[in-house]
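Below: one structure, written as C-alpha cells.
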Amino acid sequence: MRERAHQNTWIPVSILLFIMAGTTCAGTTAYSFEVGRQYEYRRSDGTGDMWTVLFEVKDRVTFGVFDYFHIPVSNYGNDSAVYDFYFRVTEEALYSYNPSGPDYLQHREAPVGTKWSHYQADDMPHIVTEITAIEAVTVPYGTFDKAYVHRKFRCVDPNDLSKGRSPYWYNWVVPGVGYVKELDYWNDYAPAVMELVSITPDLEPGCLFDLLGDLNDDCRVDFFDFALMASNWLIDCEQQLVDPACVPK
Ligand SMILES: [Ca+2]
C-alpha cells in the first residue's frame with residue numbers, strides 16, 4: 001500500500017509540470033488547422049448556381065501575445081475574391097484577430113443556450129451568436145455525431161432588436177475538424193448552403209478500436225490521456241453548470 005501511495009503522489013506532480021510546460025495534447029483543439037492544409041467547400045444558393053470555396057492555411061503569424069493561422073478564403077461569393085482571415089484556436093474555441101481590441105469569439109464548444117455578442121464596426125455592428133443545438137451532421141466530407149450549431153445575426157442594438165437586425169446564418173462546427181457547414185439566410189437567393197467536401201492533406205483517421213481510457217482516440221492509453229483527465233480533475237458538472245468542460249451529451 002505504501003508503494004501505491006507513493007506512486008499516486010508522483011503522478012499528479014508530473015501532470016502539473018506537464019501542464020505548466022504549456023504542452024497541449026495532439027488532436028484536442030477545436031479545429032484541425034495546420035500550415036499547408038486546404039479545406040474545400042461547395043456553396044450554392046437559390047439561383048441553382050454551385051461553386052467552390054477554398055480555405056487555405058497559408059502560414060502562422062504573431063500579433064501581440066498570440067499566434068494566428070493566416071487563412072485566405074477565396075471565391076466565397078463566386079467572384080474569385082480572396083479575403084485574409086487570422087484565426088487562433090484553443091481546445092474549445094475559435095477566435096478571429098481584432099486589431100483594435102479583444103479578439104472575436106467566433107465558435108466555441110459549450111452547452112445549448114450559450115450566447116454571446118461582439119462588436120464589429122458596421123451599420124449593424126453587433127454580432128450575436130447562440131449555440132442552438134448539438135447534433136449529428138452529414139456533409140460530402142463525412143458524417144459526424146456531434147456538431148455545435150451556432151446561430152448568428154447582426155443588429156444595431158442587441159437589447160432592442162426593433163432598431164434593426166439581419167436575418168440569421170448558421171454554422172456547424174465539429175470538434176477536431178472545424179467548420180463543416182453554413183446555412184445563410186442573409187442574401188437575395190436564400191438560403192445559401194456551404195458544405196465541406198474535402199480536406200487536403202486529410203486528417204488522420206481516429207483509432208479503429210474501442211479502448212477504454214483512450215481519451216484522445218490515438219489507440220494508446222498513455223500520459224496524454226492522463227493529462228486530459230487531470231485537466232478536468234474535480235469538475236462536477238451538476239454543481240458547476242457554467243464550466244465550459246461540461247458539454248451536454
Ligand atoms: Ca490516447
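By order of appearance in the C-alpha cells: chains A, B, ..., then residues from 1 within every chain, and ligands from 1 in the order shown.
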(Q) Around ligand 1, out to 8 Å and counting only C-alpha atoms and all ligand atoms, which residues are there? I want them as a count of residues only. (A) 13
Could you pull out all residues of stretch 63-234 of chain A with a DSSP call of strand (DSSP E or B) and give them as a short mmCIF file (atom, residue, chain, number, x, y, z; two decimals) with C-alpha atoms, in the first residue's frame?
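Here's the written file result_32.cif:
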```cif
data_model
loop_
_atom_site.label_atom_id
_atom_site.label_comp_id
_atom_site.auth_asym_id
_atom_site.auth_seq_id
_atom_site.Cartn_x
_atom_site.Cartn_y
_atom_site.Cartn_z
CA PHE A 63 0.13 39.62 -33.31
CA PHE A 66 -0.95 35.28 -29.71
CA ASP A 67 -0.10 33.16 -32.75
CA TYR A 68 -2.66 33.04 -35.52
CA PHE A 69 -3.28 30.91 -38.58
CA HIS A 70 -3.33 33.12 -41.66
CA ILE A 71 -6.13 31.76 -43.82
CA PRO A 72 -7.02 33.31 -47.18
CA VAL A 73 -10.60 32.44 -48.15
CA SER A 74 -11.22 32.51 -51.88
CA VAL A 82 -9.76 36.50 -51.75
CA TYR A 83 -10.16 37.64 -48.14
CA ASP A 84 -7.47 37.18 -45.49
CA PHE A 85 -8.52 35.90 -42.08
CA TYR A 86 -6.41 35.38 -38.96
CA PHE A 87 -7.66 32.75 -36.54
CA ARG A 88 -6.37 31.33 -33.30
CA VAL A 89 -7.61 28.05 -31.92
CA ALA A 93 -12.95 27.73 -29.28
CA LEU A 94 -12.02 29.71 -32.37
CA TYR A 95 -11.15 33.40 -32.25
CA SER A 96 -10.52 35.83 -35.08
CA TYR A 104 -13.72 38.00 -31.64
CA LEU A 105 -15.03 34.71 -30.25
CA GLN A 106 -16.44 33.03 -33.35
CA HIS A 107 -17.21 29.49 -32.19
CA ARG A 108 -16.97 27.51 -29.01
CA LYS A 115 -24.93 33.13 -26.06
CA TRP A 116 -22.52 35.99 -26.59
CA SER A 117 -22.07 39.03 -28.78
CA HIS A 118 -19.22 41.14 -30.07
CA TYR A 119 -18.85 44.49 -31.75
CA HIS A 126 -23.27 43.82 -33.03
CA ILE A 127 -22.92 40.17 -33.98
CA VAL A 128 -24.96 37.92 -31.71
CA THR A 129 -24.12 34.21 -31.55
CA GLU A 130 -26.06 31.48 -29.77
CA ILE A 131 -25.46 27.73 -29.65
CA THR A 132 -28.86 26.39 -30.62
CA ALA A 133 -28.18 22.65 -30.98
CA ILE A 134 -25.57 19.93 -30.62
CA GLU A 135 -26.43 17.37 -33.26
CA ALA A 136 -25.24 14.97 -35.94
CA VAL A 137 -24.46 16.42 -39.34
CA THR A 138 -23.74 14.95 -42.76
CA VAL A 139 -21.80 16.81 -45.45
CA GLY A 142 -18.49 12.76 -44.00
CA THR A 143 -20.98 12.19 -41.19
CA PHE A 144 -20.23 13.42 -37.68
CA ASP A 145 -22.05 12.52 -34.48
CA LYS A 146 -21.51 15.84 -32.81
CA ALA A 147 -21.61 19.31 -34.30
CA TYR A 148 -22.18 22.57 -32.45
CA VAL A 149 -24.79 24.65 -34.28
CA HIS A 150 -24.10 28.38 -33.98
CA ARG A 151 -26.91 30.75 -34.95
CA LYS A 152 -25.73 34.27 -35.75
CA PHE A 153 -27.19 37.61 -36.73
CA ARG A 154 -26.13 41.25 -36.84
CA CYS A 155 -28.08 44.05 -35.21
CA ARG A 165 -31.37 43.28 -37.39
CA TRP A 169 -27.00 32.49 -40.57
CA TYR A 170 -25.94 29.17 -39.04
CA ASN A 171 -22.57 27.42 -38.69
CA TRP A 172 -21.92 23.78 -37.82
CA VAL A 173 -18.60 23.16 -36.05
CA VAL A 174 -17.28 19.65 -35.43
CA VAL A 177 -12.33 19.04 -37.62
CA GLY A 178 -13.73 22.56 -37.70
CA TYR A 179 -16.23 24.38 -39.82
CA VAL A 180 -18.22 21.82 -41.84
CA LYS A 181 -21.43 23.60 -42.86
CA GLU A 182 -23.03 27.01 -43.19
CA LEU A 183 -26.64 27.95 -43.90
CA ASP A 184 -27.06 31.62 -44.72
CA ALA A 192 -27.09 29.79 -49.38
CA VAL A 193 -25.65 26.42 -48.35
CA MET A 194 -21.95 25.71 -47.92
CA GLU A 195 -20.65 22.23 -47.06
CA LEU A 196 -17.21 20.74 -46.55
CA VAL A 197 -16.15 18.49 -49.42
CA SER A 198 -12.51 17.67 -48.73
CA ILE A 199 -9.50 18.36 -46.52
CA THR A 200 -6.04 18.14 -48.11
#
```
(Q) For the structure I just gave you, how does DSSP split stretch 1-248 of chain A - specifically, which residues are helix (DSSP H, G or I)? Reply as an MDAnalysis selection string. (A) chainID A and resid 2:20 161:163 223:231
Preceding selection exported with N, CA and C atoms as a compact mmCIF listing (two decimals), in the first residue's frame:
```
# COMPACT_ATOMS: atom_id res chain seq x y z
N ARG A 2 1.95 1.23 0.72
CA ARG A 2 2.81 2.42 0.75
C ARG A 2 3.37 2.72 -0.64
N GLU A 3 3.75 1.64 -1.34
CA GLU A 3 4.27 1.86 -2.69
C GLU A 3 3.21 2.49 -3.60
N ARG A 4 2.00 1.98 -3.45
CA ARG A 4 0.93 2.54 -4.28
C ARG A 4 0.71 4.01 -3.93
N ALA A 5 0.72 4.31 -2.64
CA ALA A 5 0.52 5.70 -2.23
C ALA A 5 1.62 6.58 -2.80
N HIS A 6 2.82 6.05 -2.81
CA HIS A 6 3.93 6.83 -3.34
C HIS A 6 3.73 7.12 -4.83
N GLN A 7 3.31 6.07 -5.55
CA GLN A 7 3.08 6.26 -6.98
C GLN A 7 1.98 7.31 -7.22
N ASN A 8 0.93 7.24 -6.39
CA ASN A 8 -0.19 8.14 -6.62
C ASN A 8 0.17 9.59 -6.35
N THR A 9 1.13 9.83 -5.50
CA THR A 9 1.52 11.23 -5.31
C THR A 9 2.47 11.68 -6.42
N TRP A 10 3.22 10.79 -6.99
CA TRP A 10 4.14 11.18 -8.04
C TRP A 10 3.40 11.61 -9.32
N ILE A 11 2.34 10.88 -9.64
CA ILE A 11 1.69 11.13 -10.93
C ILE A 11 1.08 12.54 -11.02
N PRO A 12 0.29 12.99 -10.02
CA PRO A 12 -0.25 14.35 -10.15
C PRO A 12 0.82 15.42 -10.28
N VAL A 13 1.95 15.26 -9.60
CA VAL A 13 3.02 16.26 -9.72
C VAL A 13 3.54 16.30 -11.15
N SER A 14 3.68 15.13 -11.74
CA SER A 14 4.15 15.06 -13.13
C SER A 14 3.17 15.74 -14.06
N ILE A 15 1.88 15.52 -13.81
CA ILE A 15 0.86 16.13 -14.66
C ILE A 15 0.91 17.64 -14.53
N LEU A 16 1.09 18.11 -13.30
CA LEU A 16 1.16 19.54 -13.08
C LEU A 16 2.32 20.14 -13.87
N LEU A 17 3.48 19.50 -13.82
CA LEU A 17 4.63 20.00 -14.56
C LEU A 17 4.35 19.98 -16.06
N PHE A 18 3.69 18.92 -16.48
CA PHE A 18 3.36 18.76 -17.90
C PHE A 18 2.48 19.90 -18.38
N ILE A 19 1.46 20.22 -17.56
CA ILE A 19 0.54 21.29 -17.95
C ILE A 19 1.24 22.64 -17.88
N MET A 20 2.06 22.82 -16.84
CA MET A 20 2.75 24.10 -16.69
C MET A 20 3.71 24.35 -17.84
N LEU A 161 -33.99 44.83 -30.61
CA LEU A 161 -33.87 44.35 -31.99
C LEU A 161 -34.78 45.12 -32.94
N SER A 162 -35.73 45.90 -32.41
CA SER A 162 -36.62 46.67 -33.29
C SER A 162 -35.84 47.77 -34.02
N LYS A 163 -34.63 48.09 -33.58
CA LYS A 163 -33.82 49.13 -34.25
C LYS A 163 -33.19 48.61 -35.55
N PHE A 223 0.23 8.96 -21.25
CA PHE A 223 0.28 10.16 -20.44
C PHE A 223 -0.62 11.28 -20.99
N PHE A 224 -0.80 11.32 -22.31
CA PHE A 224 -1.67 12.35 -22.89
C PHE A 224 -3.10 12.19 -22.38
N ASP A 225 -3.56 10.94 -22.30
CA ASP A 225 -4.91 10.70 -21.78
C ASP A 225 -5.00 11.10 -20.31
N PHE A 226 -3.94 10.79 -19.59
CA PHE A 226 -3.93 11.12 -18.17
C PHE A 226 -3.98 12.64 -17.98
N ALA A 227 -3.26 13.37 -18.83
CA ALA A 227 -3.25 14.83 -18.71
C ALA A 227 -4.62 15.41 -19.05
N LEU A 228 -5.29 14.79 -20.02
CA LEU A 228 -6.65 15.25 -20.36
C LEU A 228 -7.57 15.09 -19.17
N MET A 229 -7.48 13.91 -18.53
CA MET A 229 -8.33 13.67 -17.37
C MET A 229 -7.97 14.66 -16.25
N ALA A 230 -6.68 14.89 -16.07
CA ALA A 230 -6.25 15.78 -14.98
C ALA A 230 -6.73 17.21 -15.20
N SER A 231 -6.84 17.62 -16.47
CA SER A 231 -7.26 19.00 -16.72
C SER A 231 -8.71 19.23 -16.29
```
(Q) So that I can check the surroundings of A:Ala30, please list as number ranges by chain every protein, DNA and RNA residue that reaches within 6 Å of it, counting only C-alpha atoms and ignoring chain neighbours fewer than 4 positions away. (A) A: 91-93, 175-176
Restricting the output to N, CA and C atoms, write the selected residues as a short mmCIF file (atom, residue, chain, number, x, y, z; two decimals), in the first residue's frame.
```cif
data_model
loop_
_atom_site.label_atom_id
_atom_site.label_comp_id
_atom_site.auth_asym_id
_atom_site.auth_seq_id
_atom_site.Cartn_x
_atom_site.Cartn_y
_atom_site.Cartn_z
N GLU A 91 -8.52 24.70 -27.22
CA GLU A 91 -9.09 23.36 -27.16
C GLU A 91 -10.60 23.39 -27.39
N GLU A 92 -11.24 24.52 -27.14
CA GLU A 92 -12.70 24.53 -27.26
C GLU A 92 -13.27 25.75 -27.97
N ALA A 93 -12.42 26.51 -28.66
CA ALA A 93 -12.95 27.73 -29.28
C ALA A 93 -12.11 28.19 -30.46
N PRO A 175 -15.94 19.29 -33.40
CA PRO A 175 -14.68 19.32 -32.64
C PRO A 175 -13.59 18.50 -33.34
N GLY A 176 -12.41 19.09 -33.43
CA GLY A 176 -11.27 18.40 -34.02
C GLY A 176 -11.22 18.47 -35.53
#
```
Q: Point out the residue among A:Lys58, A:Ser100, A:Pro140, A:Cys246 with the least atom-to-atom distance to A:Arg43, counting only C-alpha atoms.
A: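 Of A:Lys58, A:Ser100, A:Pro140, A:Cys246, the one nearest A:Arg43, counting only C-alpha atoms, is A:Pro140.
Considering only C-alpha atoms, the residue among A:Thr62, A:Asn78, A:Asn98, A:Glu238 positioned nearest to A:Met50 is A:Asn78.
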12 Å contact set for A:Cys237, only C-alpha atoms, chain neighbours under 3 positions out, as a compact mmCIF listing (two decimals) with C-alpha atoms, in the first residue's frame:
```
# COMPACT_ATOMS: atom_id res chain seq x y z
CA PRO A 111 -23.94 23.91 -23.83
CA ASN A 232 -10.86 18.30 -15.66
CA TRP A 233 -9.97 16.91 -12.26
CA LEU A 234 -12.71 17.53 -9.65
CA GLN A 240 -20.74 23.81 -12.00
CA LEU A 241 -23.18 24.12 -14.89
CA VAL A 242 -21.29 27.01 -16.45
CA ASP A 243 -17.95 25.22 -16.65
CA PRO A 244 -17.06 25.02 -20.39
CA ALA A 245 -15.80 21.47 -19.84
CA CYS A 246 -19.41 20.40 -19.15
CA VAL A 247 -20.73 19.64 -22.62
CA PRO A 248 -24.19 18.08 -22.89
CA LYS A 249 -24.27 14.58 -24.41
```
(Q) With only C-alpha atoms as the counted atoms, please give the residues lying no more than 9 Å from A:Gly46, apart from itself and same-chain residues fewer than 3 positions off, as a list in words. (A)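 Final neighbour list, sorted by chain and number: Asp49, Asp188, Tyr189, Ala190, Pro191 and Ala192 of chain A.
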Residues just named, written with N, CA and C atoms as a short mmCIF file (atom, residue, chain, number, x, y, z; two decimals), in the first residue's frame:
```
data_model
loop_
_atom_site.label_atom_id
_atom_site.label_comp_id
_atom_site.auth_asym_id
_atom_site.auth_seq_id
_atom_site.Cartn_x
_atom_site.Cartn_y
_atom_site.Cartn_z
N ASP A 49 -26.96 28.04 -58.90
CA ASP A 49 -25.50 28.04 -59.10
C ASP A 49 -24.82 27.27 -57.98
N ASP A 188 -29.98 37.43 -51.28
CA ASP A 188 -31.16 37.58 -52.13
C ASP A 188 -31.76 36.23 -52.54
N TYR A 189 -30.95 35.20 -52.55
CA TYR A 189 -31.43 33.90 -53.01
C TYR A 189 -31.26 32.86 -51.90
N ALA A 190 -31.72 33.24 -50.72
CA ALA A 190 -31.53 32.39 -49.54
C ALA A 190 -32.35 31.11 -49.65
N PRO A 191 -31.91 30.06 -48.93
CA PRO A 191 -30.65 30.06 -48.19
C PRO A 191 -29.48 29.68 -49.09
N ALA A 192 -28.33 30.26 -48.77
CA ALA A 192 -27.09 29.79 -49.38
C ALA A 192 -26.55 28.68 -48.49
#
```
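Proximity ranking of A:Trp51, A:Tyr168, A:Phe209, A:Tyr97 relative to A:Gly77 places A:Trp51 first, based on only C-alpha atoms.
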